[in-house]
2 protein chains.
Amino acid sequence: MQALSLNCGLFYRSDFLRPEPSENEALIRLSVAGICSTDLELVKGYAGFSGILGHEFVGVVEAVGHDEHRHWLNRRVVGSINIGCGGCDACYQSEPEHCQHRKVLGIRGKDGVFADYFTLPIDNLYAVPDEIDDDAAVFTEPLAAAIRVLKQLEKLSVDKVAVLGPGRLGLLIAKALSIHGYAVDVLGRSQASLVLPKQWQLETAMIDEVKDDQYHCVVDATGNANGFKQALRILSARGRLILKSTFSALEPIDLSKIVVHELNVIGSRCGPFADALTVLKQHAIPVTDLIDGRYSLQDGINAFHQAAQAGVRKILLHPHR
Amino acid sequence: MQALSLNCGLFYRSDFLRPEPSENEALIRLSVAGICSTDLELVKGYAGFSGILGHEFVGVVEAVGHDEHRHWLNRRVVGSINIGCGGCDACYQSEPEHCQHRKVLGIRGKDGVFADYFTLPIDNLYAVPDEIDDDAAVFTEPLAAAIRVLKQLEKLSVDKVAVLGPGRLGLLIAKALSIHGYAVDVLGRSQASLVLPKQWQLETAMIDEVKDDQYHCVVDATGNANGFKQALRILSARGRLILKSTFSALEPIDLSKIVVHELNVIGSRCGPFADALTVLKQHAIPVTDLIDGRYSLQDGINAFHQAAQAGVRKILLHPHR
């Protein structure tokens, strides 16, 4: 089968063996996959992964490892990406994303979805309702990550939020917060980046025009160290910064404002798939507006090049085009 | 009068004019002052302050700006260091430390206490109970900052805490937490630094021997970027880092663990003087064990040199010796 594999660089090859599902797994045939900024970081060396990339997908279950899972056959599915050990505290608390021994689809110890076929534990699968087509369902994983921010904010006394970075994840976060009643300002570095948020009826501003200490709550979805610095800059005393960005670079950052202003920096990662599917089923967010290009797996290297361009939001990969 | 003043370097001079208290202020004669790590950072250029340094003090009220404050005359006092504008949201919420227009004694816009005399608003003063002698009372400000950590932890579900950095502030934090029922491990870089925490009946360990992801709650009181990195290293998933260190250096720090492990970094600064005086009155913490040297103001430059040495905890300054 064909796949895009990372091994001291990203390669396309068509001679991979089709994987076999283990007893608790399904074999899934890819329908469509999305390139995420984490994939771009992995190519740059973040986390030291080698293997088949990719973790945002919609597919169809083609085989199962055990007969008791036969009811999954031929179902259209998405899947959560963390595979816990099953035996630790984090796993008992249903938080496999914090299991120290976890595998992560296409990120850590588990081949990903940029391939004709891949496997995933049955426990990770979610059936896609008929109301959600493939082009929308492929946003389940990033939308779940956006909804994670909502869950974290529910515990804080916040009603106004600045979302820094109007990229794919930033916009999903901004819209998820907005439809849940938060006043949201989307902050970007260029007017061009603010066109789509305006179309989505979101308030926008240029980050360079925002004065210091203006927001009590900021979500940093820029994916770079400069965004983090800007987020610190615009936060007011005792403000909250939800940090969504993982950046591989070791950047010098002055952290003294965290202490002097008693800021609270809260890391935020994966979110609930079920909630994301509910939002998608309601067509509450026009996620397909984020699609900027489509490529075949065979043309995957070019897909990565386009995905890395400034202003590009979501690039999709199909087995064939 | 004599004073230690920062102006492109630290200088001792004996020709300063005695300040005049304004209507809401007291004139205070210094009894004893402490050199804090913030003072050392200010000398290195942090925050761009120039003027008379110093903010940890015990003194006696020698004059007041208005007759209605006559009852303060001749009283032994300590004082909180933030002087708010009085008219903003932070000030209305009794949080002058977060007033954007605040002055800070010996740190920002207000001459400090390393002098024969200085002024401070009456509202900032706390009378020192007779049970607390000067050598203990001079620890009110750092002990209040330590108790701030306690106040922040009360809102979290935490019972075990690692305190990183067995310096003056770290030990005050560790002991304040310990006497309030927390299980505390004090972590240091050398065996020598752990002698006093052991004498104080605190559990200790060498930081380099602590494995990754071991603590759910860490207080970083090291005052340097390496300590912050170590704190991130030993935190477990969804762990809390109380950050006490302000460091002036722009250091490269990999922040991706904050996101991937969904850590919560909480800045922590000034604390409640009344609570600190209560602890001191009970003699619950042998604070005078932290005193490593005493100098006259005239010998203040040497005092700063000793205070900057590794392993030195608290250096006191007296008007005369």
# chains A, B, ... in the order shown; residues from 1 in each chain; ligands from 1

call {"tool": "residues_around", "arguments": {"residues": "Ile132 of chain B", "least_positions_apart": "2", "cutoff": "9 Å", "atoms": "only C-alpha atoms", "output": "ChimeraX atom specification"}}
result
/B:128-130,134-137,277,280-283

call {"tool": "interface_residues", "arguments": {"of": "chain A", "to": "chain B", "cutoff": "8 Å", "atoms": "only C-alpha atoms", "output": "list of chain:residue names"}}
result
A:His98, A:Ala237, A:Leu243, A:Lys244, A:Ser245, A:Thr246, A:Phe247, A:Ser248, A:Ala249, A:Leu250, A:Glu251, A:Pro252, A:Ile253, A:Asp254, A:Leu255, A:Ser256, A:Ile258, A:Val259, A:Val260, A:His261, A:Glu262, A:Leu263, A:Asn264, A:Val265, A:Ile266, A:Gly267, A:Ser268, A:Arg269

call {"tool": "calpha_fit_and_write", "arguments": {"fixed": "chain A", "moving": "chain B", "output": "tab-separated table (two decimals) with C-alpha atoms, in the first residue's frame"}}
result
chain	number	residue	atom	x	y	z
B	1	MET	CA	-0.03	-0.03	-0.02
B	2	GLN	CA	1.01	3.62	-0.34
B	3	ALA	CA	1.88	5.88	2.59
B	4	LEU	CA	3.72	9.05	3.64
B	5	SER	CA	6.45	8.10	6.06
B	6	LEU	CA	8.82	10.16	8.18
B	7	ASN	CA	12.34	8.85	8.51
B	8	CYS	CA	14.97	11.60	8.51
B	9	GLY	CA	12.68	13.41	6.08
B	10	LEU	CA	9.23	12.79	4.65
B	11	PHE	CA	8.91	10.15	1.92
B	12	TYR	CA	6.13	8.72	-0.25
B	13	ARG	CA	6.34	4.99	-0.91
B	14	SER	CA	3.88	2.54	-2.41
B	15	ASP	CA	5.42	-0.69	-1.12
B	16	PHE	CA	4.24	-0.67	2.49
B	17	LEU	CA	2.60	-3.84	3.78
B	18	ARG	CA	-1.03	-3.48	4.75
B	19	PRO	CA	-1.10	-3.64	8.59
B	20	GLU	CA	-2.92	-6.43	10.45
B	21	PRO	CA	-5.36	-5.44	13.19
B	22	SER	CA	-4.60	-6.96	16.58
B	23	GLU	CA	-7.42	-8.50	18.60
B	24	ASN	CA	-8.67	-5.18	20.02
B	25	GLU	CA	-8.17	-3.23	16.80
B	26	ALA	CA	-9.91	-2.33	13.56
B	27	LEU	CA	-8.33	-2.10	10.14
B	28	ILE	CA	-9.47	1.17	8.60
B	29	ARG	CA	-9.41	2.21	4.94
B	30	LEU	CA	-8.65	5.91	4.62
B	31	SER	CA	-11.29	8.17	3.08
B	32	VAL	CA	-9.70	11.56	3.78
B	33	ALA	CA	-7.01	12.88	6.15
B	34	GLY	CA	-5.95	16.35	7.30
B	35	ILE	CA	-2.47	17.77	7.72
B	36	CYS	CA	-2.12	19.34	11.16
B	37	SER	CA	0.51	21.79	12.42
B	38	THR	CA	1.78	18.99	14.66
B	39	ASP	CA	2.57	17.04	11.48
B	40	LEU	CA	4.58	19.99	10.21
B	41	GLU	CA	6.45	20.15	13.53
B	42	LEU	CA	7.10	16.40	13.43
B	43	VAL	CA	8.70	16.79	10.01
B	44	LYS	CA	10.95	19.46	11.56
B	45	GLY	CA	12.02	16.98	14.22
B	46	TYR	CA	9.63	17.66	17.11
B	47	ALA	CA	9.20	14.58	19.36
B	48	GLY	CA	11.61	12.47	17.31
B	49	PHE	CA	8.91	10.39	15.62
B	50	SER	CA	9.62	8.11	12.71
B	51	GLY	CA	6.99	6.09	10.86
B	52	ILE	CA	3.82	6.80	8.90
B	53	LEU	CA	2.53	10.29	9.75
B	54	GLY	CA	-1.03	11.53	10.21
B	55	HIS	CA	-3.73	11.50	12.89
B	56	GLU	CA	-6.71	13.47	11.51
B	57	PHE	CA	-8.85	11.10	9.45
B	58	VAL	CA	-12.17	9.77	8.30
B	59	GLY	CA	-12.20	6.15	7.16
B	60	VAL	CA	-14.25	2.99	6.81
B	61	VAL	CA	-13.72	-0.12	8.95
B	62	GLU	CA	-12.60	-2.88	6.63
B	63	ALA	CA	-11.73	-5.60	9.13
B	64	VAL	CA	-11.69	-6.20	12.88
B	65	GLY	CA	-9.34	-8.27	15.03
B	66	HIS	CA	-12.07	-10.09	16.92
B	67	ASP	CA	-15.54	-11.26	15.97
B	68	GLU	CA	-17.23	-9.44	18.84
B	69	HIS	CA	-16.43	-6.18	16.99
B	70	ARG	CA	-18.08	-7.25	13.73
B	71	HIS	CA	-20.77	-4.57	14.12
B	72	TRP	CA	-18.08	-1.98	13.29
B	73	LEU	CA	-17.52	-3.42	9.81
B	74	ASN	CA	-18.21	-0.99	6.95
B	75	ARG	CA	-18.94	1.85	9.36
B	76	ARG	CA	-17.63	5.31	8.66
B	77	VAL	CA	-15.44	6.31	11.60
B	78	VAL	CA	-13.18	8.93	13.11
B	79	GLY	CA	-10.88	8.09	16.01
B	80	SER	CA	-9.19	9.58	19.04
B	81	ILE	CA	-5.45	9.44	18.80
B	82	ASN	CA	-4.11	8.44	22.24
B	83	ILE	CA	-3.69	4.75	23.02
B	84	GLY	CA	-3.05	4.30	26.75
B	85	CYS	CA	-1.38	1.32	28.42
B	86	GLY	CA	-4.70	0.55	30.13
B	87	GLY	CA	-3.12	-0.10	33.49
B	88	CYS	CA	-2.00	3.23	34.98
B	89	ASP	CA	-3.76	5.97	36.98
B	90	ALA	CA	-4.22	8.17	33.91
B	91	CYS	CA	-5.84	5.31	31.99
B	92	TYR	CA	-8.13	4.43	34.92
B	93	GLN	CA	-9.23	8.08	34.90
B	94	SER	CA	-10.00	7.79	31.18
B	95	GLU	CA	-7.16	10.17	30.35
B	96	PRO	CA	-5.05	8.04	27.99
B	97	GLU	CA	-3.61	11.31	26.63
B	98	HIS	CA	-1.68	11.57	29.91
B	99	CYS	CA	-0.60	7.91	30.14
B	100	GLN	CA	3.19	7.89	30.35
B	101	HIS	CA	3.37	4.74	28.25
B	102	ARG	CA	0.85	5.85	25.66
B	103	LYS	CA	1.16	5.50	21.93
B	104	VAL	CA	-0.18	8.32	19.80
B	105	LEU	CA	-1.47	7.75	16.28
B	106	GLY	CA	1.09	9.06	13.80
B	107	ILE	CA	2.96	10.89	16.58
B	108	ARG	CA	4.47	8.39	19.00
B	109	GLY	CA	5.04	4.66	18.62
B	110	LYS	CA	2.10	4.03	16.27
B	111	ASP	CA	1.91	4.37	12.50
B	112	GLY	CA	-0.52	7.06	11.37
B	113	VAL	CA	-3.21	7.58	8.80
B	114	PHE	CA	-1.45	9.05	5.74
B	115	ALA	CA	-1.78	5.61	4.12
B	116	ASP	CA	-4.31	3.48	2.29
B	117	TYR	CA	-4.89	1.49	5.50
B	118	PHE	CA	-4.09	1.81	9.19
B	119	THR	CA	-5.16	0.21	12.47
B	120	LEU	CA	-6.61	1.70	15.65
B	121	PRO	CA	-8.09	0.16	18.82
B	122	ILE	CA	-11.87	-0.25	18.70
B	123	ASP	CA	-12.08	1.80	21.93
B	124	ASN	CA	-10.77	4.83	20.03
B	125	LEU	CA	-13.44	4.73	17.31
B	126	TYR	CA	-16.46	6.99	16.91
B	127	ALA	CA	-19.09	6.30	14.27
B	128	VAL	CA	-19.73	9.33	12.07
B	129	PRO	CA	-23.43	10.31	11.91
B	130	ASP	CA	-24.89	10.45	8.38
B	131	GLU	CA	-25.49	14.20	8.77
B	132	ILE	CA	-21.73	14.83	8.72
B	133	ASP	CA	-19.98	14.34	5.39
B	134	ASP	CA	-16.33	13.30	5.15
B	135	ASP	CA	-15.04	16.83	4.50
B	136	ALA	CA	-16.56	18.00	7.78
B	137	ALA	CA	-15.86	14.84	9.81
B	138	VAL	CA	-12.13	15.13	9.14
B	139	PHE	CA	-12.23	18.20	11.43
B	140	THR	CA	-13.41	16.13	14.42
B	141	GLU	CA	-9.97	15.86	16.01
B	142	PRO	CA	-8.99	19.56	15.77
B	143	LEU	CA	-12.52	20.61	16.76
B	144	ALA	CA	-12.28	18.34	19.82
B	145	ALA	CA	-8.99	20.04	20.70
B	146	ALA	CA	-10.80	23.38	20.35
B	147	ILE	CA	-13.60	22.22	22.62
B	148	ARG	CA	-11.00	21.25	25.23
B	149	VAL	CA	-10.43	25.02	25.67
B	150	LEU	CA	-14.14	25.47	26.29
B	151	LYS	CA	-14.06	22.76	28.97
B	152	GLN	CA	-11.10	24.42	30.67
B	153	LEU	CA	-12.71	27.88	30.57
B	154	GLU	CA	-15.93	26.56	32.12
B	155	LYS	CA	-14.08	26.25	35.42
B	156	LEU	CA	-12.89	29.86	35.30
B	157	SER	CA	-14.85	33.08	35.62
B	158	VAL	CA	-14.34	34.32	32.11
B	159	ASP	CA	-16.75	35.77	29.56
B	160	LYS	CA	-14.44	37.60	27.15
B	161	VAL	CA	-11.59	35.84	25.38
B	162	ALA	CA	-8.93	36.86	22.87
B	163	VAL	CA	-7.90	34.11	20.48
B	164	LEU	CA	-4.43	34.77	19.15
B	165	GLY	CA	-3.70	33.18	15.80
B	166	PRO	CA	-6.45	33.00	13.14
B	167	GLY	CA	-5.26	29.67	11.72
B	168	ARG	CA	-7.25	26.44	11.51
B	169	LEU	CA	-7.13	25.69	15.25
B	170	GLY	CA	-7.53	29.30	16.34
B	171	LEU	CA	-10.67	29.74	14.26
B	172	LEU	CA	-12.19	26.48	15.52
B	173	ILE	CA	-11.51	27.62	19.09
B	174	ALA	CA	-12.89	31.11	18.44
B	175	LYS	CA	-16.08	29.80	16.87
B	176	ALA	CA	-16.58	27.08	19.49
B	177	LEU	CA	-16.30	29.72	22.22
B	178	SER	CA	-18.50	32.15	20.33
B	179	ILE	CA	-21.39	29.71	19.84
B	180	HIS	CA	-21.20	28.95	23.56
B	181	GLY	CA	-21.76	32.60	24.46
B	182	TYR	CA	-18.26	33.93	24.99
B	183	ALA	CA	-17.34	37.35	23.60
B	184	VAL	CA	-14.39	36.52	21.35
B	185	ASP	CA	-11.82	38.72	19.63
B	186	VAL	CA	-9.67	37.02	17.01
B	187	LEU	CA	-6.21	38.60	16.81
B	188	GLY	CA	-3.96	38.22	13.78
B	189	ARG	CA	-0.79	39.61	12.27
B	190	SER	CA	-2.19	40.50	8.85
B	191	GLN	CA	-5.47	41.82	7.47
B	192	ALA	CA	-5.57	38.86	5.08
B	193	SER	CA	-5.62	36.42	7.98
B	194	LEU	CA	-8.68	38.18	9.43
B	195	VAL	CA	-10.90	37.91	6.33
B	196	LEU	CA	-12.32	34.48	7.18
B	197	PRO	CA	-12.89	35.24	10.89
B	198	LYS	CA	-14.86	38.31	9.77
B	199	GLN	CA	-16.91	36.15	7.40
B	200	TRP	CA	-17.58	33.92	10.40
B	201	GLN	CA	-19.02	36.97	12.22
B	202	LEU	CA	-16.16	37.08	14.70
B	203	GLU	CA	-14.71	40.32	16.08
B	204	THR	CA	-11.14	40.82	14.88
B	205	ALA	CA	-8.14	43.04	15.53
B	206	MET	CA	-4.52	43.32	14.49
B	207	ILE	CA	-2.36	42.03	17.33
B	208	ASP	CA	0.16	44.85	16.95
B	209	GLU	CA	-2.60	47.37	17.62
B	210	VAL	CA	-3.67	45.75	20.89
B	211	LYS	CA	-2.28	47.62	23.90
B	212	ASP	CA	-0.54	45.87	26.79
B	213	ASP	CA	-2.60	44.29	29.58
B	214	GLN	CA	-5.93	44.41	27.68
B	215	TYR	CA	-7.35	40.92	28.14
B	216	HIS	CA	-8.09	38.80	31.18
B	217	CYS	CA	-8.13	35.63	29.10
B	218	VAL	CA	-6.08	34.83	25.99
B	219	VAL	CA	-5.86	31.61	24.00
B	220	ASP	CA	-2.55	31.24	22.17
B	221	ALA	CA	-3.11	29.19	19.03
B	222	THR	CA	-0.30	30.71	16.99
B	223	GLY	CA	2.04	27.76	17.15
B	224	ASN	CA	5.10	29.93	17.66
B	225	ALA	CA	7.10	31.56	20.41
B	226	ASN	CA	6.32	35.06	19.20
B	227	GLY	CA	2.63	34.37	19.71
B	228	PHE	CA	3.32	33.27	23.27
B	229	LYS	CA	5.19	36.52	23.91
B	230	GLN	CA	2.33	38.56	22.48
B	231	ALA	CA	-0.15	36.63	24.62
B	232	LEU	CA	1.83	37.47	27.75
B	233	ARG	CA	2.02	41.09	26.63
B	234	ILE	CA	-1.73	41.64	26.25
B	235	LEU	CA	-2.76	39.81	29.44
B	236	SER	CA	-3.93	41.83	32.43
B	237	ALA	CA	-3.04	41.10	36.07
B	238	ARG	CA	-4.08	37.62	37.26
B	239	GLY	CA	-5.06	36.85	33.68
B	240	ARG	CA	-5.34	33.38	32.17
B	241	LEU	CA	-3.42	32.15	29.14
B	242	ILE	CA	-4.64	28.94	27.55
B	243	LEU	CA	-1.62	27.62	25.68
B	244	LYS	CA	-2.42	25.52	22.61
B	245	SER	CA	0.87	25.95	20.78
B	246	THR	CA	3.60	23.36	20.82
B	247	PHE	CA	6.66	24.81	19.16
B	248	SER	CA	9.86	22.88	18.68
B	249	ALA	CA	12.21	25.87	18.76
B	250	LEU	CA	14.03	26.70	21.96
B	251	GLU	CA	13.20	30.37	22.08
B	252	PRO	CA	14.25	33.00	24.60
B	253	ILE	CA	11.16	34.23	26.39
B	254	ASP	CA	11.00	36.63	29.34
B	255	LEU	CA	8.73	34.90	31.85
B	256	SER	CA	8.89	37.51	34.63
B	257	LYS	CA	5.45	38.87	33.77
B	258	ILE	CA	3.96	35.51	34.80
B	259	VAL	CA	5.18	36.17	38.33
B	260	VAL	CA	4.80	39.94	38.58
B	261	HIS	CA	1.24	39.89	37.18
B	262	GLU	CA	0.47	36.52	38.81
B	263	LEU	CA	-0.65	35.09	35.47
B	264	ASN	CA	-2.00	31.59	35.08
B	265	VAL	CA	-0.69	29.65	32.06
B	266	ILE	CA	-2.77	26.57	31.31
B	267	GLY	CA	-1.64	23.97	28.80
B	268	SER	CA	-4.36	22.53	26.57
B	269	ARG	CA	-4.22	19.55	24.24
B	270	CYS	CA	-6.71	16.91	23.17
B	271	GLY	CA	-10.46	17.14	23.59
B	272	PRO	CA	-13.70	15.18	23.56
B	273	PHE	CA	-14.63	13.61	20.20
B	274	ALA	CA	-18.29	13.08	21.15
B	275	ASP	CA	-18.78	16.82	21.76
B	276	ALA	CA	-17.03	17.66	18.50
B	277	LEU	CA	-19.30	15.31	16.54
B	278	THR	CA	-22.34	16.93	18.17
B	279	VAL	CA	-21.21	20.38	17.02
B	280	LEU	CA	-20.51	19.06	13.51
B	281	LYS	CA	-23.90	17.34	13.34
B	282	GLN	CA	-25.56	20.68	14.12
B	283	HIS	CA	-23.55	22.32	11.31
B	284	ALA	CA	-22.81	25.04	13.88
B	285	ILE	CA	-19.35	25.77	12.44
B	286	PRO	CA	-18.72	25.94	8.65
B	287	VAL	CA	-15.53	23.91	9.02
B	288	THR	CA	-15.15	23.19	5.32
B	289	ASP	CA	-14.38	26.91	4.79
B	290	LEU	CA	-10.99	26.07	6.28
B	291	ILE	CA	-10.04	23.73	3.41
B	292	ASP	CA	-7.36	25.37	1.25
B	293	GLY	CA	-6.30	22.42	-0.88
B	294	ARG	CA	-6.59	18.70	-1.65
B	295	TYR	CA	-3.88	16.28	-2.69
B	296	SER	CA	-3.46	12.58	-3.30
B	297	LEU	CA	-1.14	10.63	-1.02
B	298	GLN	CA	1.18	10.27	-4.00
B	299	ASP	CA	1.39	14.07	-4.18
B	300	GLY	CA	1.77	14.29	-0.40
B	301	ILE	CA	5.15	16.05	-0.35
B	302	ASN	CA	3.60	18.95	-2.27
B	303	ALA	CA	0.67	18.86	0.12
B	304	PHE	CA	3.07	19.38	3.02
B	305	HIS	CA	4.75	22.24	1.18
B	306	GLN	CA	1.45	24.02	0.75
B	307	ALA	CA	0.38	23.28	4.33
B	308	ALA	CA	3.53	25.00	5.58
B	309	GLN	CA	2.78	28.26	3.73
B	310	ALA	CA	1.70	31.25	5.82
B	311	GLY	CA	-2.05	31.74	5.82
B	312	VAL	CA	-2.90	28.21	4.67
B	313	ARG	CA	-5.40	26.63	7.03
B	314	LYS	CA	-6.25	23.04	6.14
B	315	ILE	CA	-4.84	20.74	3.48
B	316	LEU	CA	-6.57	17.41	2.93
B	317	LEU	CA	-5.08	14.17	1.68
B	318	HIS	CA	-7.04	11.54	-0.28
B	319	PRO	CA	-5.82	8.04	-1.18
B	320	HIS	CA	-6.37	8.91	-4.85
B	321	ARG	CA	-7.56	12.01	-6.67

call {"tool": "select_by_dssp", "arguments": {"residues": "segment 74-298 of chain B", "states": "helix (DSSP H, G or I)", "output": "VMD selection string"}}
result
chain B and resid 89 to 92 96 to 98 122 to 124 134 to 137 140 to 154 168 to 179 192 to 199 207 to 209 225 to 234 256 to 260 273 to 281 287 to 290 297 to 298

call {"tool": "select_by_dssp", "arguments": {"residues": "segment 27-247 of chain B", "states": "strand (DSSP E or B)", "output": "number ranges by chain"}}
result
B: 27-35, 51-52, 56-64, 76-79, 82-83, 103-105, 108-110, 115, 117-121, 125-127, 160-164, 183-188, 203-206, 215-220, 235-243

call {"tool": "write_last_selection", "arguments": {"atoms": "C-alpha atoms", "output": "PDB file, in the first residue's frame"}}
result
ATOM      1  CA  LEU B  27       8.581  59.022  58.126  1.00  0.00           C
ATOM      2  CA  ILE B  28      10.288  55.854  59.330  1.00  0.00           C
ATOM      3  CA  ARG B  29      13.720  55.469  60.917  1.00  0.00           C
ATOM      4  CA  LEU B  30      15.335  52.218  59.814  1.00  0.00           C
ATOM      5  CA  SER B  31      16.103  49.596  62.466  1.00  0.00           C
ATOM      6  CA  VAL B  32      17.120  46.708  60.210  1.00  0.00           C
ATOM      7  CA  ALA B  33      16.649  45.815  56.529  1.00  0.00           C
ATOM      8  CA  GLY B  34      17.074  42.628  54.484  1.00  0.00           C
ATOM      9  CA  ILE B  35      18.641  42.163  51.073  1.00  0.00           C
ATOM     10  CA  GLY B  51      16.974  55.325  43.347  1.00  0.00           C
ATOM     11  CA  ILE B  52      17.440  54.102  46.909  1.00  0.00           C
ATOM     12  CA  GLU B  56      12.360  44.482  53.526  1.00  0.00           C
ATOM     13  CA  PHE B  57      12.531  46.466  56.760  1.00  0.00           C
ATOM     14  CA  VAL B  58      11.680  47.010  60.376  1.00  0.00           C
ATOM     15  CA  GLY B  59      11.660  50.617  61.561  1.00  0.00           C
ATOM     16  CA  VAL B  60      10.194  53.110  63.991  1.00  0.00           C
ATOM     17  CA  VAL B  61       7.758  55.856  62.994  1.00  0.00           C
ATOM     18  CA  GLU B  62       9.485  59.156  63.637  1.00  0.00           C
ATOM     19  CA  ALA B  63       6.992  61.575  62.094  1.00  0.00           C
ATOM     20  CA  VAL B  64       3.646  61.550  60.308  1.00  0.00           C
ATOM     21  CA  ARG B  76       7.749  49.686  65.593  1.00  0.00           C
ATOM     22  CA  VAL B  77       6.475  48.866  62.105  1.00  0.00           C
ATOM     23  CA  VAL B  78       6.896  46.754  58.994  1.00  0.00           C
ATOM     24  CA  GLY B  79       5.205  47.722  55.741  1.00  0.00           C
ATOM     25  CA  ASN B  82       2.974  48.242  46.827  1.00  0.00           C
ATOM     26  CA  ILE B  83       1.492  51.740  46.683  1.00  0.00           C
ATOM     27  CA  LYS B 103       4.770  52.529  42.955  1.00  0.00           C
ATOM     28  CA  VAL B 104       6.761  49.821  44.693  1.00  0.00           C
ATOM     29  CA  LEU B 105       9.047  50.574  47.622  1.00  0.00           C
ATOM     30  CA  ARG B 108       9.530  51.160  41.104  1.00  0.00           C
ATOM     31  CA  GLY B 109       9.089  54.908  41.409  1.00  0.00           C
ATOM     32  CA  LYS B 110       9.627  55.076  45.189  1.00  0.00           C
ATOM     33  CA  ALA B 115      18.723  54.460  54.244  1.00  0.00           C
ATOM     34  CA  TYR B 117      15.047  57.295  56.892  1.00  0.00           C
ATOM     35  CA  PHE B 118      12.336  56.623  54.331  1.00  0.00           C
ATOM     36  CA  THR B 119       8.623  57.323  53.888  1.00  0.00           C
ATOM     37  CA  LEU B 120       5.675  55.005  53.315  1.00  0.00           C
ATOM     38  CA  PRO B 121       1.883  55.554  53.262  1.00  0.00           C
ATOM     39  CA  LEU B 125       2.052  49.997  57.835  1.00  0.00           C
ATOM     40  CA  TYR B 126       1.675  47.090  60.241  1.00  0.00           C
ATOM     41  CA  ALA B 127       2.576  47.453  63.903  1.00  0.00           C
ATOM     42  CA  LYS B 160       2.132  16.976  48.463  1.00  0.00           C
ATOM     43  CA  VAL B 161       4.422  19.713  47.189  1.00  0.00           C
ATOM     44  CA  ALA B 162       8.018  19.865  45.992  1.00  0.00           C
ATOM     45  CA  VAL B 163       9.773  23.148  46.740  1.00  0.00           C
ATOM     46  CA  LEU B 164      12.623  23.676  44.328  1.00  0.00           C
ATOM     47  CA  ALA B 183       3.806  16.988  52.738  1.00  0.00           C
ATOM     48  CA  VAL B 184       6.807  18.938  51.462  1.00  0.00           C
ATOM     49  CA  ASP B 185      10.016  17.830  49.760  1.00  0.00           C
ATOM     50  CA  VAL B 186      12.748  20.454  49.490  1.00  0.00           C
ATOM     51  CA  LEU B 187      14.880  19.928  46.381  1.00  0.00           C
ATOM     52  CA  GLY B 188      18.360  21.389  46.015  1.00  0.00           C
ATOM     53  CA  GLU B 203      12.204  16.090  53.721  1.00  0.00           C
ATOM     54  CA  THR B 204      14.947  16.782  51.180  1.00  0.00           C
ATOM     55  CA  ALA B 205      16.323  15.394  47.936  1.00  0.00           C
ATOM     56  CA  MET B 206      18.893  16.290  45.311  1.00  0.00           C
ATOM     57  CA  TYR B 215       5.320  15.614  41.383  1.00  0.00           C
ATOM     58  CA  HIS B 216       1.821  16.928  40.855  1.00  0.00           C
ATOM     59  CA  CYS B 217       2.721  20.261  42.434  1.00  0.00           C
ATOM     60  CA  VAL B 218       6.064  22.075  42.346  1.00  0.00           C
ATOM     61  CA  VAL B 219       6.993  25.512  43.670  1.00  0.00           C
ATOM     62  CA  ASP B 220       9.921  27.057  41.808  1.00  0.00           C
ATOM     63  CA  LEU B 235       5.933  17.711  36.998  1.00  0.00           C
ATOM     64  CA  SER B 236       3.415  14.993  36.184  1.00  0.00           C
ATOM     65  CA  ALA B 237       0.495  15.355  33.750  1.00  0.00           C
ATOM     66  CA  ARG B 238      -1.923  18.182  34.619  1.00  0.00           C
ATOM     67  CA  GLY B 239       0.491  19.211  37.352  1.00  0.00           C
ATOM     68  CA  ARG B 240       0.712  22.670  38.899  1.00  0.00           C
ATOM     69  CA  LEU B 241       3.825  24.841  38.954  1.00  0.00           C
ATOM     70  CA  ILE B 242       3.772  27.804  41.312  1.00  0.00           C
ATOM     71  CA  LEU B 243       6.347  30.182  39.873  1.00  0.00           C
TER      72      LEU B 243
END
